[in-house]
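Undergrad: Handing you a structure now.
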Amino acid sequence: MIHLTPQPPLRNRRGRTIPPIPRGGRGGQGVRAIVYPFLLALFLLAPAHPAEITLPPVALSGVPVEISGKELPPNTPTVVRFQDSAGNLIATVEAKTDDSGAFQREARLNSTGRLRYEWQAGSQRGEGALRVVPAWWSLLPPLVAIGLALLLRQVVLALAGGIWLGAWMIAGADPFTALLRMVDTYLLNAYADRSHLQIIGFTMLLGGMLGVVTRAGGLKAIVRVLSRRVRSDRGVQLSAYLMGLVIFIDDYANTLFVGATMRPLADKYRVSREKLAYLIDSTAAPVANLALIGTWIGFEVSLIADSFKASGIGLEPYWAFLLSIPYRFYPIFALVFIAWLIGLRRDFGSMYRAEVRARTTGKVLAEGASPLANYESAELLPPDHLHGSLWSALLPILAALSGAIGGLVYTGYYSALNTGETISLRSILANADSYVSLTWGAFLGCLVAFLCVGATRALSMRETFDAWVGGIRSMVLAVVILGLAWSIGAICEELHTAQYLVQSLQGVVSPAWLPALTTLTAAAISFAIGSSWGTMSILMPLAIPLVHSLTAGMEPSAQQFYLIATLSSVLAGATFGDHCSPISDTTVLSSIFSGSDHIDHVRTQMPYALVVGAVAWLIGDVATGFGLPVWGALLLGTLILGVIVRVIGKPTPGYGGEPLA
């Protein structure tokens, strides 16, 4: 016989008895009879994942819009129909899902307004809505931002205005919602992106390092030493130019080291901040674009390799990269133009007025200027009795540069090893992570700056830390500008600005005009979105297949010429637009590290960039497309730029360290 010991009743925290769960009887059986079959039916009938048809938030009229689907029935015909508000059929897209139940197609919607779409895949159906706006509207946000920047001379308000306009166009006719989307979507996403955070960390760490170096008198020591060799304003400009050529490993590193080193010396010899920013900006991206070793080459060669593979071109990508260097007319002529300006000691336009102001009055900044970084704040200036040590300035800068180069080698080596590539200098640079490497370098520079100050006892620990925080604080406005620039880039991406420009400027043309038109297309896209790398990644896969198809019946030598010339036009045109654009990160960083007002930098640089761009386009792209040898174009362009500087330019006053008479 089995004896069952009764269990004590369950009680809650207040001591009340909890009734037992019924184990049988009509009530329990009734619950099970109803609930269990219902749950089983839900489990069997409900799909594992809901089917999904994805479209962008807004489409452009006449510009292909991408439609993608996933979690649909595998290998099933799928139809997507678009109708206007009156029920008229606008477009029909037919596709067949693959084995995973996914598909991708494009639709060209030649209509505007709010369209309704329905889709069907087997027994599954769905519907939704899509806003279609006129294609030219996609140009408005960047153009408004650029126009307001030049008009108001307030880059933050200008960029915010462009972002708000783009968010309004995407979100619909609700300006207040667009204002909220600026903050909770675009700015938040811009700062949350990992690569963007790495740039911010790099910028602020470098600001902290420069704060310590400046406060400890390091930059004062650099100026003191260089003053023994550099004794004029021309010497300052030539030193900045040569230093920009030497630091070719990365455009960001170039802007930092040239700006940090030459800014105090340029102020002493009354070189305007606008001219220093131009020298920095013009030897950053152009030099990095032409360098045989650097952070750009891996990205560029990978784009070339992917496009060659997709088009069935057998030319070795790295060899094509090397062959394209003489055809990159804008970066080459930009460097030649600086040499003419310094050699002839002439300037023109707004740059001439800035230089005359600086030489005659000593005001390196214009009245009412708002530099993006304030290096003259009281918390950064060294005490009067502190002369500073040269090594306390050079060692942190060299440590930051060495750390960045070492990071490139380290990340590139192990990345190439993991992918199974043969270890070589090319494979290491192609697989290197430049953002991580620069962040490591900046952090190492901060550590060395602290150690140098501790070794020389120039500052107390509290003063050193305050200087480091002050240097970071001086970069806050710059970080705001970068976030706004990234946000308007995201707006342009959602509005398909680049696709519209490509479609508008691309057509069936003769191969002779293809390099010239490719340069214009790349320059327009890069200027609008403020990114040379983004332009290259958009245009390279389009330009290479196009030139390959247009030259299919030509001699192999002619095919290779047009291929290399068009490839070079993508790289050079993207650099030109990025160099001119007020929303480009390199343009912003040049203003930061030179201590210049950003709008003044853009306004004074623009005429020079346009002159160089016009000569590069006419003498380089157009003339070589119709048979002029590349060496002839380089020589002729160099001479024409010299004549322009000599004829249009006006002599700028010299300054050798003594007050002008």
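Chain identifiers are assigned as A, B, and so on, following the order in which chains appear in the structure tokens; residues are numbered from 1 within each chain, and ligands are numbered from 1 in order of appearance.
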Do you know which residues are at most 8 Å from Ser389 of chain A counting only C-alpha atoms, after dropping those on the same chain fewer than 3 positions away, and could you put them as a PyMOL selection string?

TA: chain A and resi 217-218+221+392-393

Undergrad: Those residues you just picked out, can you put them in a file as a PDB file, in the first residue's frame with C-alpha atoms?

TA:
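Everything below was put into part09.pdb:
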```
ATOM      1  CA  GLY A 217      55.760  75.146 -24.935  1.00  0.00           C
ATOM      2  CA  GLY A 218      56.515  72.508 -27.552  1.00  0.00           C
ATOM      3  CA  ALA A 221      60.167  75.535 -29.391  1.00  0.00           C
ATOM      4  CA  SER A 392      58.623  67.464 -26.150  1.00  0.00           C
ATOM      5  CA  ALA A 393      56.913  68.553 -29.387  1.00  0.00           C
TER       6      ALA A 393
END
```

Undergrad: Near Leu444 of chain A, within 8 Å and counting only C-alpha atoms, which residues show up once chain neighbours fewer than 6 positions away are dropped, as a ChimeraX atom specification?

TA: /A:396,399-400,403

Undergrad: Quick one: of A:Ala455, A:Ile170, A:Leu520, A:Val356, who's nearest to Leu618 of chain A, counting only C-alpha atoms?

TA: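 Once distances to Leu618 of chain A are computed over only C-alpha atoms, the minimum belongs to A:Leu520.
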
Undergrad: Segment 93-308 of chain A: which residues are alpha helix (DSSP H) by DSSP, as number ranges by chain?

TA: A: 140-152, 155-171, 175-181, 188-192, 194-215, 218-226, 233-246, 251-268, 273-282, 285-290, 295-308

Undergrad: Any idea what's packed within 9 Å of Arg114 of chain A, counting only C-alpha atoms, ignoring anything in its chain fewer than 3 positions away? Could you give it as a ChimeraX atom specification?

TA: /A:84-85,129-133

Undergrad: Could you list, as a PyMOL selection string, every residue within 10 Å of Leu395 of chain A, counting only C-alpha atoms and ignoring same-chain residues fewer than 5 positions away?

TA: chain A and resi 213+218+390+400-401+445+448-449+451-452

Undergrad: One number please: atom CA of Leu417 of chain A to atom CA of Val436 of chain A, in Å, one decimal.

TA: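 Atom CA of Val436 of chain A lies at a distance of 17.9 Å from atom CA of Leu417 of chain A.
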